[in-house]
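J.: Just input_24.tsv, nothing more (TSV, C-alpha atoms):
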```tsv
chain	number	residue	atom	x	y	z
A	1	MET	CA	172.26	113.23	-63.18
A	2	ARG	CA	174.30	111.57	-65.91
A	3	LEU	CA	173.48	114.20	-68.56
A	4	ALA	CA	173.65	117.36	-66.46
A	5	ASN	CA	174.72	120.45	-68.43
A	6	LYS	CA	174.11	118.75	-71.77
A	7	VAL	CA	171.71	119.87	-74.50
A	8	ALA	CA	170.32	117.09	-76.68
A	9	LEU	CA	168.36	117.26	-79.92
A	10	ILE	CA	166.12	114.27	-80.65
A	11	THR	CA	164.31	113.73	-83.94
A	12	GLY	CA	161.13	111.72	-84.08
A	13	GLY	CA	160.67	112.80	-80.48
A	14	GLY	CA	156.89	112.90	-80.28
A	15	SER	CA	156.24	109.20	-79.76
A	16	GLY	CA	157.76	105.75	-79.38
A	17	ILE	CA	161.52	105.46	-79.02
A	18	GLY	CA	162.14	109.19	-79.51
A	19	ARG	CA	159.71	110.16	-76.75
A	20	ALA	CA	161.22	107.61	-74.37
A	21	ILE	CA	164.71	108.94	-75.08
A	22	ALA	CA	163.59	112.53	-74.47
A	23	LEU	CA	162.03	111.62	-71.13
A	24	ALA	CA	165.05	109.56	-70.05
A	25	PHE	CA	167.47	112.34	-71.03
A	26	ALA	CA	165.45	114.90	-69.08
A	27	ARG	CA	165.40	112.67	-65.99
A	28	GLU	CA	169.19	112.55	-66.21
A	29	GLY	CA	169.48	116.34	-66.26
A	30	ALA	CA	169.65	117.16	-69.97
A	31	ARG	CA	167.81	119.98	-71.66
A	32	VAL	CA	166.14	118.54	-74.73
A	33	VAL	CA	164.93	119.75	-78.10
A	34	VAL	CA	162.30	117.38	-79.49
A	35	SER	CA	161.39	117.52	-83.16
A	36	GLY	CA	158.89	115.77	-85.37
A	37	ARG	CA	156.09	116.38	-87.80
A	38	ARG	CA	153.16	116.30	-85.34
A	39	LYS	CA	152.99	119.44	-83.25
A	40	ASP	CA	150.43	118.06	-80.77
A	41	ARG	CA	152.63	115.11	-79.82
A	42	LEU	CA	155.69	117.27	-79.38
A	43	GLU	CA	153.76	119.62	-77.12
A	44	ASN	CA	152.58	116.66	-75.02
A	45	VAL	CA	156.21	115.59	-74.50
A	46	ALA	CA	157.16	119.16	-73.61
A	47	ARG	CA	154.39	119.28	-71.00
A	48	GLU	CA	155.65	116.03	-69.46
A	49	ILE	CA	159.20	117.36	-69.20
A	50	GLY	CA	158.61	121.02	-68.39
A	51	ALA	CA	160.87	124.02	-68.97
A	52	ASN	CA	163.86	121.93	-69.99
A	53	CYS	CA	162.14	120.83	-73.21
A	54	LEU	CA	161.73	122.80	-76.43
A	55	PRO	CA	159.35	121.31	-79.03
A	56	VAL	CA	160.12	122.23	-82.65
A	57	GLN	CA	157.87	120.99	-85.42
A	58	SER	CA	160.02	119.90	-88.36
A	59	ASP	CA	160.36	117.27	-91.07
A	60	ALA	CA	163.64	115.30	-91.10
A	61	GLY	CA	163.28	115.04	-94.87
A	62	SER	CA	163.33	118.81	-95.38
A	63	PRO	CA	166.72	120.62	-95.57
A	64	GLU	CA	165.04	123.91	-94.70
A	65	ASP	CA	163.37	122.45	-91.63
A	66	ILE	CA	166.65	120.91	-90.49
A	67	THR	CA	168.48	124.26	-90.70
A	68	ARG	CA	165.70	125.98	-88.75
A	69	LEU	CA	165.60	123.19	-86.16
A	70	ILE	CA	169.32	123.32	-85.38
A	71	GLU	CA	169.40	127.12	-85.26
A	72	THR	CA	166.31	127.30	-83.03
A	73	GLY	CA	167.57	124.69	-80.58
A	74	ALA	CA	171.07	126.16	-80.32
A	75	LYS	CA	169.73	129.67	-79.86
A	76	HIS	CA	167.22	128.63	-77.19
A	77	PHE	CA	169.57	126.59	-75.01
A	78	GLY	CA	172.91	128.14	-76.02
A	79	SER	CA	174.60	124.97	-77.28
A	80	ILE	CA	174.11	121.40	-78.47
A	81	GLN	CA	176.22	118.47	-77.26
A	82	VAL	CA	174.09	115.47	-78.30
A	83	LEU	CA	172.16	114.56	-81.45
A	84	VAL	CA	169.86	111.53	-81.63
A	85	ASN	CA	168.89	110.68	-85.20
A	86	ASN	CA	165.70	108.71	-84.57
A	87	ALA	CA	163.22	109.88	-87.24
A	88	ALA	CA	162.50	107.16	-89.78
A	89	LEU	CA	160.02	105.84	-92.33
A	90	LEU	CA	159.20	102.20	-93.02
A	91	PHE	CA	157.38	100.84	-96.06
A	92	ALA	CA	157.15	97.09	-96.58
A	93	GLY	CA	158.31	95.88	-99.97
A	94	THR	CA	160.67	93.89	-102.16
A	95	ALA	CA	163.02	95.04	-104.91
A	96	ASP	CA	160.30	94.64	-107.52
A	97	SER	CA	157.29	95.77	-105.47
A	98	HIS	CA	158.67	99.07	-104.13
A	99	THR	CA	157.82	102.17	-106.09
A	100	GLU	CA	160.43	104.80	-106.92
A	101	GLU	CA	158.57	107.19	-104.61
A	102	GLU	CA	158.67	104.78	-101.65
A	103	TRP	CA	162.41	104.18	-102.07
A	104	GLU	CA	163.08	107.90	-102.35
A	105	GLN	CA	160.97	108.77	-99.30
A	106	ILE	CA	162.68	106.16	-97.12
A	107	PHE	CA	166.18	107.25	-98.09
A	108	ASN	CA	165.36	110.95	-97.89
A	109	VAL	CA	164.30	110.68	-94.25
A	110	ASN	CA	166.28	107.71	-92.93
A	111	VAL	CA	169.63	108.44	-94.59
A	112	ARG	CA	169.77	111.93	-96.08
A	113	GLY	CA	167.92	113.32	-93.07
A	114	ALA	CA	170.39	111.81	-90.62
A	115	TRP	CA	173.33	113.02	-92.72
A	116	ARG	CA	171.94	116.54	-93.05
A	117	LEU	CA	171.21	116.75	-89.32
A	118	SER	CA	174.68	115.46	-88.44
A	119	ARG	CA	176.34	117.90	-90.82
A	120	ALA	CA	174.33	120.81	-89.42
A	121	VAL	CA	175.07	119.95	-85.78
A	122	LEU	CA	178.82	119.34	-86.17
A	123	PRO	CA	179.81	123.02	-85.75
A	124	HIS	CA	177.90	123.14	-82.45
A	125	LEU	CA	179.55	119.95	-81.19
A	126	ARG	CA	182.97	121.37	-82.09
A	127	ALA	CA	182.15	124.63	-80.28
A	128	ALA	CA	181.20	122.59	-77.19
A	129	GLY	CA	184.53	120.77	-77.24
A	130	GLY	CA	183.02	117.52	-78.46
A	131	GLY	CA	179.80	115.58	-78.24
A	132	SER	CA	177.87	112.48	-79.15
A	133	ILE	CA	175.78	111.52	-82.16
A	134	VAL	CA	173.52	108.54	-81.54
A	135	ASN	CA	171.99	107.06	-84.69
A	136	ILE	CA	169.01	104.74	-84.36
A	137	GLY	CA	169.58	101.93	-86.80
A	138	SER	CA	167.90	98.53	-86.64
A	139	VAL	CA	168.68	94.84	-86.40
A	140	LEU	CA	168.18	95.15	-90.16
A	141	SER	CA	171.40	97.17	-90.19
A	142	LEU	CA	173.01	93.80	-89.42
A	143	VAL	CA	170.81	91.04	-90.86
A	144	GLY	CA	168.24	90.71	-93.62
A	145	ALA	CA	164.47	90.30	-93.48
A	146	ARG	CA	161.83	89.46	-96.03
A	147	ASN	CA	159.75	92.26	-97.53
A	148	ARG	CA	161.91	95.05	-96.05
A	149	VAL	CA	164.44	95.75	-98.80
A	150	ALA	CA	164.33	99.57	-98.84
A	151	TYR	CA	164.16	99.91	-95.06
A	152	SER	CA	167.00	97.36	-94.63
A	153	ALA	CA	169.13	99.20	-97.17
A	154	SER	CA	168.55	102.52	-95.41
A	155	LYS	CA	169.39	101.14	-91.97
A	156	GLY	CA	172.50	99.42	-93.32
A	157	ALA	CA	173.54	102.81	-94.66
A	158	ILE	CA	172.99	104.38	-91.24
A	159	LEU	CA	175.40	101.92	-89.62
A	160	ALA	CA	178.02	102.41	-92.33
A	161	MET	CA	177.70	106.20	-92.01
A	162	SER	CA	178.06	105.95	-88.22
A	163	ARG	CA	181.33	104.05	-88.51
A	164	ALA	CA	182.78	106.39	-91.14
A	165	MET	CA	181.80	109.52	-89.21
A	166	ALA	CA	183.27	108.06	-86.02
A	167	LEU	CA	186.65	107.87	-87.76
A	168	ASP	CA	186.33	111.29	-89.39
A	169	HIS	CA	185.57	113.13	-86.16
A	170	ALA	CA	187.30	111.15	-83.41
A	171	ALA	CA	190.12	113.69	-83.20
A	172	GLU	CA	187.52	116.37	-82.43
A	173	ASN	CA	186.15	114.36	-79.47
A	174	ILE	CA	182.92	113.77	-81.40
A	175	ARG	CA	181.67	110.23	-80.95
A	176	VAL	CA	179.23	108.51	-83.30
A	177	ASN	CA	177.49	105.25	-82.46
A	178	CYS	CA	174.55	103.23	-83.75
A	179	ILE	CA	171.82	101.51	-81.73
A	180	CYS	CA	170.27	98.57	-83.58
A	181	PRO	CA	166.89	97.73	-82.00
A	182	GLY	CA	164.87	94.61	-82.65
A	183	ILE	CA	161.10	94.89	-82.81
A	184	VAL	CA	160.05	97.56	-80.32
A	185	ASP	CA	156.43	97.97	-79.21
A	186	THR	CA	155.56	101.26	-80.93
A	187	GLU	CA	152.82	102.59	-83.22
A	188	LEU	CA	155.07	101.93	-86.21
A	189	VAL	CA	155.29	98.23	-85.33
A	190	ALA	CA	151.56	98.05	-84.56
A	191	ARG	CA	150.84	98.66	-88.25
A	192	PHE	CA	152.51	95.33	-89.04
A	193	THR	CA	150.91	93.30	-86.23
A	194	PRO	CA	147.19	93.70	-87.02
A	195	ASP	CA	146.03	90.83	-84.79
A	196	GLU	CA	147.14	88.78	-81.80
A	197	ASN	CA	148.41	85.89	-83.94
A	198	ALA	CA	150.68	88.22	-85.91
A	199	ARG	CA	151.95	89.75	-82.68
A	200	ARG	CA	152.74	86.39	-81.10
A	201	GLN	CA	154.53	85.27	-84.25
A	202	ARG	CA	156.76	88.35	-84.25
A	203	GLU	CA	157.39	88.17	-80.52
A	204	GLY	CA	158.55	84.59	-81.07
A	205	LEU	CA	161.36	85.83	-83.32
A	206	HIS	CA	163.08	87.10	-80.16
A	207	PRO	CA	164.57	84.47	-77.80
A	208	LEU	CA	163.54	86.55	-74.77
A	209	GLY	CA	159.95	86.12	-75.95
A	210	ARG	CA	158.74	89.70	-76.06
A	211	PHE	CA	158.95	92.92	-78.00
A	212	GLY	CA	161.30	95.56	-76.72
A	213	GLN	CA	159.90	98.61	-75.00
A	214	PRO	CA	160.92	102.15	-75.95
A	215	GLU	CA	162.49	102.52	-72.49
A	216	ASP	CA	164.85	99.61	-73.26
A	217	ILE	CA	166.35	101.66	-76.08
A	218	ALA	CA	166.30	104.89	-74.10
A	219	GLN	CA	168.61	103.55	-71.38
A	220	LEU	CA	171.27	102.64	-73.93
A	221	ALA	CA	170.90	106.07	-75.53
A	222	VAL	CA	171.54	107.68	-72.13
A	223	PHE	CA	174.78	105.72	-71.80
A	224	LEU	CA	175.97	106.68	-75.29
A	225	ALA	CA	175.12	110.35	-74.73
A	226	SER	CA	176.87	110.46	-71.35
A	227	ASP	CA	180.53	110.74	-70.44
A	228	GLU	CA	180.37	107.14	-69.23
A	229	SER	CA	180.84	106.10	-72.87
A	230	SER	CA	183.73	108.49	-73.53
A	231	TRP	CA	185.86	105.70	-75.10
A	232	VAL	CA	183.05	104.29	-77.24
A	233	THR	CA	182.74	105.31	-80.88
A	234	GLY	CA	182.01	103.66	-84.20
A	235	ALA	CA	180.13	100.85	-82.47
A	236	ALA	CA	176.92	99.01	-83.32
A	237	PHE	CA	174.76	97.96	-80.37
A	238	PRO	CA	172.13	95.29	-81.06
A	239	ILE	CA	169.41	95.57	-78.42
A	240	ASP	CA	167.02	92.96	-79.66
A	241	GLY	CA	166.05	90.28	-77.14
A	242	GLY	CA	168.53	87.91	-78.76
A	243	TYR	CA	167.24	88.32	-82.35
A	244	THR	CA	170.69	88.59	-83.96
A	245	ALA	CA	172.25	85.86	-81.77
A	246	GLN	CA	170.38	83.15	-83.66
```
When written as structure tokens, how does the structure in this file appear?
T.:
Amino acid sequence: MRLANKVALITGGGSGIGRAIALAFAREGARVVVSGRRKDRLENVAREIGANCLPVQSDAGSPEDITRLIETGAKHFGSIQVLVNNAALLFAGTADSHTEEEWEQIFNVNVRGAWRLSRAVLPHLRAAGGGSIVNIGSVLSLVGARNRVAYSASKGAILAMSRAMALDHAAENIRVNCICPGIVDTELVARFTPDENARRQREGLHPLGRFGQPEDIAQLAVFLASDESSWVTGAAFPIDGGYTAQ
């Protein structure tokens, strides 16, 4: 039980990577708060986990929702030791094809949302004597890709924020790290692989020849949330089937 006695808050927890992280954390003994915009999906996750899961419907782009989420989770379980910033938006586009609204939406959720959540949870991590913030970045935190300029910029910002926060809060025993997944087989990715040819083409970008699975990311998140990684902070972890090794 690598996460026994820990309370973790996971955004975007109703599906995909967030759901897999919530289930993995619960298996390792954590009590989990799962948040997201779709109440039905959150409740499904809560039913899978049982009494050690609290679903809270909230929008990572809303400051009011973030305040309510943190207060509700901390009150229900008594503390928070782990935050996983997983909620994200992705719109395809280039510098001249993106609209102002698309750019603003991506940065409001992917960057401002993660910053607001981190800021709101810091007092609870301090009260617990320390903790772990796990930010879900992307391989596009590290390398470029065509037709992804706003998403790439937001995920690059997440990695830079992770490193800066790691330095700011190391003396408080608060660790901040960034997981950088390649293409993971989720509903979000399915929107950009409309047929089998498109899927095979994108799988071929990874030397291991397949998409990642949400559980691949979840196991790394468990490590970063646990005391096993107590000397790890400010780090970027590509988990990408070899994508960034090329």
J.: With all atoms listed in the file as the counted atoms, please give the residues lying no more than 9 Å from stretch 135-145 of chain A, apart from itself and same-chain residues fewer than 3 positions off, as a ChimeraX atom specification.
T.: /A:83-88,114,148-149,151-160,162,176-183,236,238-240,243-244
J.: Find the spatial neighbours of A:Asn173, counting only C-alpha atoms, within a cut-off of 9 Å - ignore same-chain residues fewer than 5 positions away - and output them as a ChimeraX atom specification.
T.: /A:125-126,129-132,230
J.: Restricting the output to C-alpha atoms, write the selected residues as a PDB file, in the frame of the given file.
T.:
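Saved result, selection_18.pdb, follows:
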```
ATOM      1  CA  LEU A 125     179.550 119.950 -81.190  1.00  0.00           C
ATOM      2  CA  ARG A 126     182.970 121.370 -82.090  1.00  0.00           C
ATOM      3  CA  GLY A 129     184.530 120.770 -77.240  1.00  0.00           C
ATOM      4  CA  GLY A 130     183.020 117.520 -78.460  1.00  0.00           C
ATOM      5  CA  GLY A 131     179.800 115.580 -78.240  1.00  0.00           C
ATOM      6  CA  SER A 132     177.870 112.480 -79.150  1.00  0.00           C
ATOM      7  CA  SER A 230     183.730 108.490 -73.530  1.00  0.00           C
TER       8      SER A 230
END
```
J.: Just want the 7 Å neighbourhood of A:Val56, counted on only C-alpha atoms, with same-chain residues fewer than 2 positions away dropped. Output as a list of chain:residue names.
T.: A:Val34, A:Ser35, A:Leu54, A:Ser58, A:Leu69
J.: Restricted to C-alpha atoms, what would the selected residues look like written as a compact mmCIF listing (two decimals), in the frame of the given file?
T.:
```
# COMPACT_ATOMS: atom_id res chain seq x y z
CA VAL A 34 162.30 117.38 -79.49
CA SER A 35 161.39 117.52 -83.16
CA LEU A 54 161.73 122.80 -76.43
CA SER A 58 160.02 119.90 -88.36
CA LEU A 69 165.60 123.19 -86.16
```
J.: Go through A:Gly29, A:Pro55, A:Gly50, A:Gly242 one by one, measure the shortest atom-to-atom distance of each to A:Gly14 using all atoms listed in the file, and give the residue with the smallest value.
T.: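 Among the listed residues, A:Pro55 lies closest to A:Gly14.
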J.: Just the residues within 9 Å of A:Ala120, please, counting only C-alpha atoms, with nothing from its chain fewer than 5 positions along; format it as an NGL selection string.
T.: :A and (66-67 or 70 or 115)
J.: Between A:Arg19, A:Pro207, A:Asn5, A:Phe91, which one has atoms that come closest to A:Glu48, using all atoms listed in the file?
T.: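 Ranking A:Arg19, A:Pro207, A:Asn5, A:Phe91 by distance to A:Glu48, first place goes to A:Arg19.
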J.: Would you mind listing what lies within 6 Å of stretch 208-219 of chain A as a ChimeraX atom specification, with only C-alpha atoms counted and same-chain residues fewer than 4 positions away left out?
T.: /A:16-17,20-21,183-185,203-204,241
J.: Please, what distance in Å, to one decimal, runs between atom CA of A:Gln81 and atom CA of A:Arg68?
T.: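 Straight-line distance from atom CA of A:Gln81 to atom CA of A:Arg68 works out to 17.3 Å.
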